[in-house]
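Shown next: target-v6.cif, containing mmCIF, C-alpha atoms.
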data_my_file
loop_
_atom_site.group_PDB
_atom_site.id
_atom_site.type_symbol
_atom_site.label_atom_id
_atom_site.label_comp_id
_atom_site.auth_asym_id
_atom_site.auth_seq_id
_atom_site.Cartn_x
_atom_site.Cartn_y
_atom_site.Cartn_z
ATOM 1 C CA MET A 8 0.000 0.000 0.000
ATOM 2 C CA ALA A 9 2.847 2.384 0.825
ATOM 3 C CA ALA A 10 4.100 2.276 -2.749
ATOM 4 C CA ALA A 11 0.788 3.624 -4.010
ATOM 5 C CA PHE A 12 1.378 6.911 -2.226
ATOM 6 C CA LYS A 13 4.936 7.495 -3.441
ATOM 7 C CA CYS A 14 5.585 10.507 -5.665
ATOM 8 C CA ASP A 15 6.632 9.991 -9.262
ATOM 9 C CA LEU A 16 9.831 12.057 -9.150
ATOM 10 C CA THR A 17 10.471 11.611 -12.872
ATOM 11 C CA LYS A 18 7.567 13.936 -13.684
ATOM 12 C CA LEU A 19 8.927 16.882 -11.704
ATOM 13 C CA THR A 20 10.322 19.847 -13.629
ATOM 14 C CA PRO A 21 12.258 22.817 -12.165
ATOM 15 C CA THR A 22 10.003 25.673 -11.107
ATOM 16 C CA VAL A 23 10.449 29.303 -10.139
ATOM 17 C CA LEU A 24 8.682 30.979 -7.233
ATOM 18 C CA SER A 25 7.658 34.486 -8.220
ATOM 19 C CA PHE A 26 6.887 37.393 -5.890
ATOM 20 C CA GLY A 27 4.261 38.560 -8.355
ATOM 21 C CA VAL A 28 6.154 41.860 -8.473
ATOM 22 C CA PRO A 29 8.259 42.218 -11.675
ATOM 23 C CA SER A 30 10.740 44.690 -10.159
ATOM 24 C CA VAL A 31 11.459 42.303 -7.273
ATOM 25 C CA ASP A 32 11.581 39.172 -9.451
ATOM 26 C CA ALA A 33 14.061 40.968 -11.749
ATOM 27 C CA ILE A 34 16.842 40.992 -9.148
ATOM 28 C CA PHE A 35 16.989 37.200 -9.466
ATOM 29 C CA GLY A 36 18.076 37.504 -13.082
ATOM 30 C CA SER A 37 16.511 35.909 -16.136
ATOM 31 C CA LEU A 38 14.802 33.286 -13.982
ATOM 32 C CA GLY A 39 12.244 35.853 -12.889
ATOM 33 C CA GLY A 40 12.024 34.607 -9.311
ATOM 34 C CA ILE A 41 13.484 32.158 -6.832
ATOM 35 C CA PRO A 42 14.374 28.769 -8.349
ATOM 36 C CA ALA A 43 13.680 25.436 -6.704
ATOM 37 C CA GLN A 44 16.635 23.234 -5.748
ATOM 38 C CA GLY A 45 18.752 25.195 -3.283
ATOM 39 C CA ILE A 46 18.558 27.301 -0.125
ATOM 40 C CA THR A 47 17.552 30.956 -0.441
ATOM 41 C CA GLU A 48 18.241 33.052 2.649
ATOM 42 C CA PHE A 49 16.748 36.428 3.531
ATOM 43 C CA TYR A 50 18.671 38.116 6.329
ATOM 44 C CA GLY A 51 18.328 41.468 8.010
ATOM 45 C CA ALA A 52 17.824 43.385 11.227
ATOM 46 C CA SER A 53 14.730 43.038 13.383
ATOM 47 C CA GLY A 54 11.776 44.759 11.721
ATOM 48 C CA SER A 55 13.365 44.813 8.270
ATOM 49 C CA GLY A 56 10.605 42.640 6.786
ATOM 50 C CA LYS A 57 12.053 39.103 6.677
ATOM 51 C CA THR A 58 8.971 37.349 8.029
ATOM 52 C CA GLN A 59 6.732 39.486 5.826
ATOM 53 C CA LEU A 60 8.676 38.276 2.777
ATOM 54 C CA ALA A 61 8.415 34.672 3.970
ATOM 55 C CA LEU A 62 4.640 35.010 4.416
ATOM 56 C CA HIS A 63 4.280 36.695 1.034
ATOM 57 C CA LEU A 64 6.205 33.884 -0.684
ATOM 58 C CA THR A 65 4.091 31.329 1.173
ATOM 59 C CA VAL A 66 0.898 32.838 -0.252
ATOM 60 C CA CYS A 67 2.527 33.142 -3.702
ATOM 61 C CA CYS A 68 3.363 29.438 -3.654
ATOM 62 C CA LEU A 69 -0.208 28.565 -2.685
ATOM 63 C CA THR A 70 -1.500 30.608 -5.623
ATOM 64 C CA GLN A 71 0.716 28.932 -8.236
ATOM 65 C CA ASN A 72 -1.396 25.809 -8.113
ATOM 66 C CA ALA A 73 -4.638 24.957 -6.332
ATOM 67 C CA ASP A 74 -3.006 21.835 -4.853
ATOM 68 C CA ASN A 75 0.250 23.388 -3.653
ATOM 69 C CA LYS A 76 1.162 23.039 0.008
ATOM 70 C CA VAL A 77 3.772 24.856 2.113
ATOM 71 C CA VAL A 78 5.599 23.594 5.203
ATOM 72 C CA TYR A 79 6.237 26.589 7.485
ATOM 73 C CA ILE A 80 8.587 25.980 10.417
ATOM 74 C CA CYS A 81 8.608 28.617 13.158
ATOM 75 C CA THR A 82 11.512 28.618 15.586
ATOM 76 C CA GLU A 83 10.588 31.662 17.663
ATOM 77 C CA GLY A 84 7.224 32.915 18.839
ATOM 78 C CA VAL A 85 4.002 31.787 17.216
ATOM 79 C CA PHE A 86 3.029 31.776 13.572
ATOM 80 C CA PRO A 87 1.461 35.157 12.616
ATOM 81 C CA MET A 88 -1.856 33.647 11.548
ATOM 82 C CA LYS A 89 -3.670 36.996 11.644
ATOM 83 C CA ARG A 90 -1.219 38.512 9.147
ATOM 84 C CA PHE A 91 -1.285 35.388 6.972
ATOM 85 C CA SER A 92 -5.097 35.489 6.904
ATOM 86 C CA GLN A 93 -4.943 39.156 5.922
ATOM 87 C CA LEU A 94 -2.660 38.338 2.992
ATOM 88 C CA VAL A 95 -4.867 35.439 1.912
ATOM 89 C CA SER A 96 -7.963 37.640 2.171
ATOM 90 C CA ASN A 97 -6.405 40.269 -0.097
ATOM 91 C CA TRP A 98 -5.348 37.640 -2.640
ATOM 92 C CA GLU A 99 -8.816 36.074 -2.542
ATOM 93 C CA LYS A 100 -10.335 39.416 -3.508
ATOM 94 C CA GLU A 101 -8.270 39.263 -6.697
ATOM 95 C CA GLY A 102 -9.121 35.609 -7.306
ATOM 96 C CA GLY A 103 -5.638 34.385 -6.485
ATOM 97 C CA VAL A 104 -6.199 31.888 -3.663
ATOM 98 C CA GLY A 105 -8.613 28.999 -3.681
ATOM 99 C CA GLU A 106 -10.379 27.226 -0.859
ATOM 100 C CA GLY A 107 -8.190 25.383 1.628
ATOM 101 C CA SER A 108 -5.382 27.955 1.765
ATOM 102 C CA ARG A 109 -6.044 28.639 5.422
ATOM 103 C CA GLY A 110 -6.251 24.993 6.417
ATOM 104 C CA ASN A 111 -4.587 21.820 5.211
ATOM 105 C CA ARG A 112 -2.501 23.523 2.523
ATOM 106 C CA LEU A 113 -0.408 25.339 5.137
ATOM 107 C CA LEU A 114 1.473 22.815 7.263
ATOM 108 C CA LEU A 115 2.775 24.458 10.440
ATOM 109 C CA ARG A 116 5.523 23.273 12.769
ATOM 110 C CA HIS A 117 7.090 24.930 15.800
ATOM 111 C CA GLU A 118 10.620 23.776 16.581
ATOM 112 C CA ALA A 119 12.314 25.645 19.431
ATOM 113 C CA THR A 120 15.510 23.595 19.806
ATOM 114 C CA ILE A 121 18.297 22.348 17.565
ATOM 115 C CA GLU A 122 17.359 18.736 18.329
ATOM 116 C CA THR A 123 13.701 19.073 17.340
ATOM 117 C CA LEU A 124 14.561 21.123 14.246
ATOM 118 C CA MET A 125 16.999 18.451 13.087
ATOM 119 C CA GLN A 126 14.424 15.731 13.681
ATOM 120 C CA CYS A 127 11.887 17.695 11.692
ATOM 121 C CA ILE A 128 14.224 18.249 8.720
ATOM 122 C CA THR A 129 15.944 14.855 8.633
ATOM 123 C CA ILE A 130 13.064 12.545 9.619
ATOM 124 C CA ARG A 131 9.577 14.072 9.492
ATOM 125 C CA LEU A 132 10.026 16.177 6.350
ATOM 126 C CA PRO A 133 11.465 13.380 4.143
ATOM 127 C CA THR A 134 8.639 11.080 5.280
ATOM 128 C CA LEU A 135 6.039 13.717 4.419
ATOM 129 C CA LEU A 136 7.541 14.414 0.996
ATOM 130 C CA GLN A 137 7.540 10.729 0.092
ATOM 131 C CA SER A 138 3.768 10.599 0.551
ATOM 132 C CA ASP A 139 2.704 14.110 -0.483
ATOM 133 C CA CYS A 140 3.857 15.526 -3.825
ATOM 134 C CA ALA A 141 1.813 18.681 -3.276
ATOM 135 C CA VAL A 142 4.421 20.202 -0.923
ATOM 136 C CA ARG A 143 6.234 22.758 -3.042
ATOM 137 C CA CYS A 144 7.923 25.013 -0.492
ATOM 138 C CA VAL A 145 9.600 24.766 2.921
ATOM 139 C CA VAL A 146 10.091 27.894 5.037
ATOM 140 C CA ILE A 147 12.252 28.092 8.172
ATOM 141 C CA ASP A 148 11.695 31.306 10.130
ATOM 142 C CA SER A 149 14.308 31.755 11.462
ATOM 143 C CA ILE A 150 17.344 29.513 11.119
ATOM 144 C CA ALA A 151 19.381 31.449 13.701
ATOM 145 C CA ALA A 152 16.905 31.417 16.591
ATOM 146 C CA VAL A 153 17.481 27.821 17.749
ATOM 147 C CA PHE A 154 21.262 28.223 17.666
ATOM 148 C CA ARG A 155 21.194 31.513 19.545
ATOM 149 C CA CYS A 156 19.124 29.878 22.288
ATOM 150 C CA GLU A 157 21.772 27.222 22.849
ATOM 151 C CA SER A 158 24.581 28.034 25.262
ATOM 152 C CA LYS A 159 27.941 28.475 23.566
ATOM 153 C CA ASP A 160 29.354 26.048 26.148
ATOM 154 C CA GLU A 161 27.005 23.274 24.977
ATOM 155 C CA LEU A 162 28.275 23.126 21.380
ATOM 156 C CA SER A 163 31.792 23.605 20.099
ATOM 157 C CA HIS A 164 32.467 25.464 16.847
ATOM 158 C CA VAL A 165 33.152 22.148 15.113
ATOM 159 C CA GLU A 166 29.908 20.616 16.390
ATOM 160 C CA ARG A 167 27.887 23.631 15.252
ATOM 161 C CA SER A 168 29.514 23.466 11.809
ATOM 162 C CA GLN A 169 28.696 19.764 11.521
ATOM 163 C CA ILE A 170 25.046 20.476 12.346
ATOM 164 C CA PHE A 171 24.934 23.283 9.759
ATOM 165 C CA PHE A 172 26.341 21.026 7.051
ATOM 166 C CA LYS A 173 24.014 18.130 7.912
ATOM 167 C CA LEU A 174 20.968 20.426 7.988
ATOM 168 C CA ALA A 175 21.876 22.141 4.707
ATOM 169 C CA SER A 176 22.810 18.856 3.018
ATOM 170 C CA CYS A 177 19.430 17.360 3.865
ATOM 171 C CA LEU A 178 17.528 20.464 2.728
ATOM 172 C CA LYS A 179 19.434 20.621 -0.569
ATOM 173 C CA HIS A 180 18.926 16.918 -1.202
ATOM 174 C CA LEU A 181 15.180 17.183 -0.579
ATOM 175 C CA SER A 182 15.016 20.360 -2.645
ATOM 176 C CA SER A 183 16.680 18.677 -5.605
ATOM 177 C CA LEU A 184 14.824 15.377 -5.256
ATOM 178 C CA HIS A 185 11.354 16.885 -4.832
ATOM 179 C CA ASN A 186 11.792 20.162 -6.723
ATOM 180 C CA LEU A 187 11.257 22.230 -3.559
ATOM 181 C CA HIS A 188 11.722 25.895 -2.822
ATOM 182 C CA VAL A 189 13.612 26.214 0.468
ATOM 183 C CA ILE A 190 13.345 29.659 2.077
ATOM 184 C CA VAL A 191 15.075 30.552 5.341
ATOM 185 C CA THR A 192 15.271 33.792 7.281
ATOM 186 C CA ASN A 193 18.323 34.756 9.293
ATOM 187 C CA GLN A 194 19.174 37.411 11.832
ATOM 188 C CA VAL A 195 22.200 39.697 11.862
ATOM 189 C CA SER A 196 25.118 40.550 14.102
ATOM 190 C CA ASP A 197 26.993 43.830 14.318
ATOM 191 C CA ILE A 198 30.445 44.128 12.785
ATOM 192 C CA PHE A 199 32.539 45.990 15.318
ATOM 193 C CA PRO A 200 35.264 48.167 13.764
ATOM 194 C CA GLU A 201 38.810 48.318 15.052
ATOM 195 C CA ASP A 202 38.218 51.979 15.756
ATOM 196 C CA ILE A 203 35.268 51.977 18.158
ATOM 197 C CA LEU A 204 34.840 55.735 17.597
ATOM 198 C CA ASN A 205 34.374 55.303 13.856
ATOM 199 C CA VAL A 206 31.269 57.471 13.369
ATOM 200 C CA HIS A 207 30.745 56.367 9.746
ATOM 201 C CA HIS A 208 30.471 52.735 10.846
ATOM 202 C CA TRP A 209 27.732 53.411 13.386
ATOM 203 C CA LEU A 210 25.820 55.640 10.983
ATOM 204 C CA THR A 211 25.838 53.070 8.181
ATOM 205 C CA GLY A 212 24.979 50.224 10.554
ATOM 206 C CA ASN A 213 27.322 47.605 9.086
ATOM 207 C CA LYS A 214 26.018 44.130 9.902
ATOM 208 C CA LYS A 215 26.676 40.529 8.927
ATOM 209 C CA PRO A 216 24.428 37.445 8.803
ATOM 210 C CA SER A 217 24.295 35.357 11.961
ATOM 211 C CA LEU A 218 25.797 31.844 12.290
ATOM 212 C CA GLY A 219 29.136 32.674 10.723
ATOM 213 C CA LEU A 220 31.124 31.387 7.759
ATOM 214 C CA SER A 221 30.134 27.730 8.148
ATOM 215 C CA TRP A 222 26.476 28.474 7.518
ATOM 216 C CA SER A 223 27.349 30.986 4.786
ATOM 217 C CA ASN A 224 28.943 28.165 2.810
ATOM 218 C CA CYS A 225 25.644 26.259 2.951
ATOM 219 C CA VAL A 226 23.500 28.946 1.331
ATOM 220 C CA THR A 227 22.722 28.949 -2.408
ATOM 221 C CA CYS A 228 21.427 32.521 -2.559
ATOM 222 C CA ARG A 229 21.706 35.221 0.118
ATOM 223 C CA VAL A 230 19.540 38.348 0.083
ATOM 224 C CA LEU A 231 19.840 41.301 2.464
ATOM 225 C CA VAL A 232 16.557 42.845 3.600
ATOM 226 C CA SER A 233 16.748 46.377 4.971
ATOM 227 C CA SER A 234 14.435 49.220 5.915
ATOM 228 C CA THR A 235 15.468 52.705 4.785
ATOM 229 C CA GLN A 236 14.900 56.028 6.522
ATOM 230 C CA TYR A 237 12.382 57.009 3.859
ATOM 231 C CA SER A 238 8.664 56.272 3.565
ATOM 232 C CA MET A 239 6.145 55.983 0.748
ATOM 233 C CA PRO A 240 2.487 57.058 0.609
ATOM 234 C CA VAL A 241 -0.081 54.255 0.263
ATOM 235 C CA GLU A 242 -3.846 53.862 0.388
ATOM 236 C CA VAL A 243 -4.894 51.810 3.425
ATOM 237 C CA LYS A 244 -8.626 51.010 3.714
ATOM 238 C CA GLY A 245 -9.509 54.129 1.799
ATOM 239 C CA HIS A 246 -7.206 56.366 3.839
ATOM 240 C CA SER A 247 -3.798 57.722 2.903
ATOM 241 C CA GLY A 248 -0.877 56.464 4.956
ATOM 242 C CA GLN A 249 2.890 56.095 4.999
ATOM 243 C CA VAL A 250 4.892 52.858 4.963
ATOM 244 C CA PRO A 251 8.689 52.398 5.214
ATOM 245 C CA LEU A 252 10.642 52.130 1.980
ATOM 246 C CA ARG A 253 12.534 48.831 2.048
ATOM 247 C CA ARG A 254 15.350 47.381 -0.017
ATOM 248 C CA LEU A 255 16.462 43.951 -1.217
ATOM 249 C CA ASP A 256 20.097 43.285 -2.147
ATOM 250 C CA VAL A 257 21.290 40.026 -3.673
ATOM 251 C CA VAL A 258 24.582 39.648 -1.813
ATOM 252 C CA MET A 259 25.601 36.231 -3.054
ATOM 253 C CA SER A 260 24.069 33.778 -5.520
ATOM 254 C CA CYS A 261 25.076 30.917 -7.781
ATOM 255 C CA PHE A 262 22.377 31.725 -10.352
ATOM 256 C CA CYS A 263 22.281 35.531 -10.651
ATOM 257 C CA ALA A 264 24.462 38.628 -10.359
ATOM 258 C CA ARG A 265 24.400 41.086 -7.472
ATOM 259 C CA LYS A 266 21.433 43.380 -7.856
ATOM 260 C CA SER A 267 19.035 45.398 -5.717
ATOM 261 C CA CYS A 268 15.554 46.885 -5.721
ATOM 262 C CA PHE A 269 13.235 48.934 -3.514
ATOM 263 C CA PHE A 270 9.802 47.805 -2.354
ATOM 264 C CA VAL A 271 7.125 48.468 0.248
ATOM 265 C CA ILE A 272 4.896 46.199 2.324
ATOM 266 C CA ASP A 273 1.204 46.944 2.747
ATOM 267 C CA ASP A 274 -1.945 44.954 3.610
ATOM 268 C CA ALA A 275 -1.584 42.936 0.404
ATOM 269 C CA GLY A 276 2.093 42.100 0.959
ATOM 270 C CA VAL A 277 5.122 43.081 -1.155
ATOM 271 C CA GLN A 278 4.422 45.960 -3.536
ATOM 272 C CA PRO A 279 6.592 47.728 -6.155
ATOM 273 C CA VAL A 280 7.845 51.294 -5.879
ATOM 274 C CA HIS A 281 6.634 53.432 -8.758
#
Have the structure of the file written as structure tokens, please.
Amino acid sequence: MAAAFKCDLTKLTPTVLSFGVPSVDAIFGSLGGIPAQGITEFYGASGSGKTQLALHLTVCCLTQNADNKVVYICTEGVFPMKRFSQLVSNWEKEGGVGEGSRGNRLLLRHEATIETLMQCITIRLPTLLQSDCAVRCVVIDSIAAVFRCESKDELSHVERSQIFFKLASCLKHLSSLHNLHVIVTNQVSDIFPEDILNVHHWLTGNKKPSLGLSWSNCVTCRVLVSSTQYSMPVEVKGHSGQVPLRRLDVVMSCFCARKSCFFVIDDAGVQPVH
């Protein structure tokens, strides 16, 4: 009986996950979006919009096909269901999301420790993918949270690196085998200059992705998410308002050149800047 539920992997073809915003999709080169088969990381400071991007891509994946499912793994706090429902509601008004988007098509997990996250990625996820071909995207929000919660005395640098490589290896294998989009968010750490009184450094807010070089070597595409000091006017429920102007920068990628774009986030998700 088990064989009857196995996916026919020979019928899978590479896909691209689009933001539905041409100016944002363009920074990923001629592909016009994020390709399956690899790990795409969005990193940035708190409040920059990482989770908003992850939610937007989740809804975009659900709209690509009426059967598509998304596995969303939260590692800190609770899943922002109210915001997700708001995004779905806005897409429904435009005929983009079918029935079931709020229920069994969004598969939620909460993993607060390294051990449970590893079990989820290396055991539960492969088992699910073997029986359910409808899963098209896996989101981990965020990858850094579980490692930051662990005491530095509990894991050596070598042990942490081994976990990174095992986690990334499994995600990449599943991504390639099942034609999955793997999206992760990451936090940032400050880069302290040799001259602590360097005013330019503190004004520009130089930061680096969390988890260090070992994790950096595991990522296929790395995108910096930042919020600028400027704002843009938008219409919110019939009233004029202001939202922060945000920026995406492709910092490193094996499939596109370094490029950037500006965008805003409103009730309907990611929007272009005209």
Surrounding residues of Gly219 (chain A) excluding itself and chain neighbours under 5 positions, 10 Å, all atoms listed in the file, as a PyMOL selection string
chain A and resi 168+195-196+224
On this file, the PyMOL selection byres ((chain A and resi 58-65) around 7) gives some set of residues; write that set as JSON, numbers by chain.
{"A": [26, 56, 57, 66, 67, 68, 69, 77, 91, 148, 276, 277]}
Nearest candidate to Lys266 (chain A) (options A:Ile34, A:Leu187, A:Val250, A:Val280; using only C-alpha atoms):
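Looking only at the distances to Lys266 (chain A), the closest residue turns out to be A:Ile34.
Proximity ranking of A:Leu162, A:Ile128, A:Leu220, A:Ala119 relative to Ser182 (chain A) places A:Ile128 first, based on only C-alpha atoms.
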Edge lengths and centre in Å to one decimal, as AutoDock Vina command-line options, is what I'm after for the box along x, y and z that holds all listed atoms of region 184-198 of chain A once 5 Å is added on each side.
--center_x 20.9 --center_y 29.8 --center_z 3.8 --size_x 29.2 --size_y 38.8 --size_z 31.0
Mind listing whatever residues come within 9 Å of the point (7.0, 29.6, -10.2)? Use only C-alpha atoms, file coordinates, and give them as number ranges by chain.
A: 21-26, 39-43, 67-68, 71
Determine the residue membership of the PyMOL selection byres ((chain A and resi 146) around 7) for the file above and supply it as an MDAnalysis selection string.
chainID A and resid 78:80 144:145 147:148 189:191
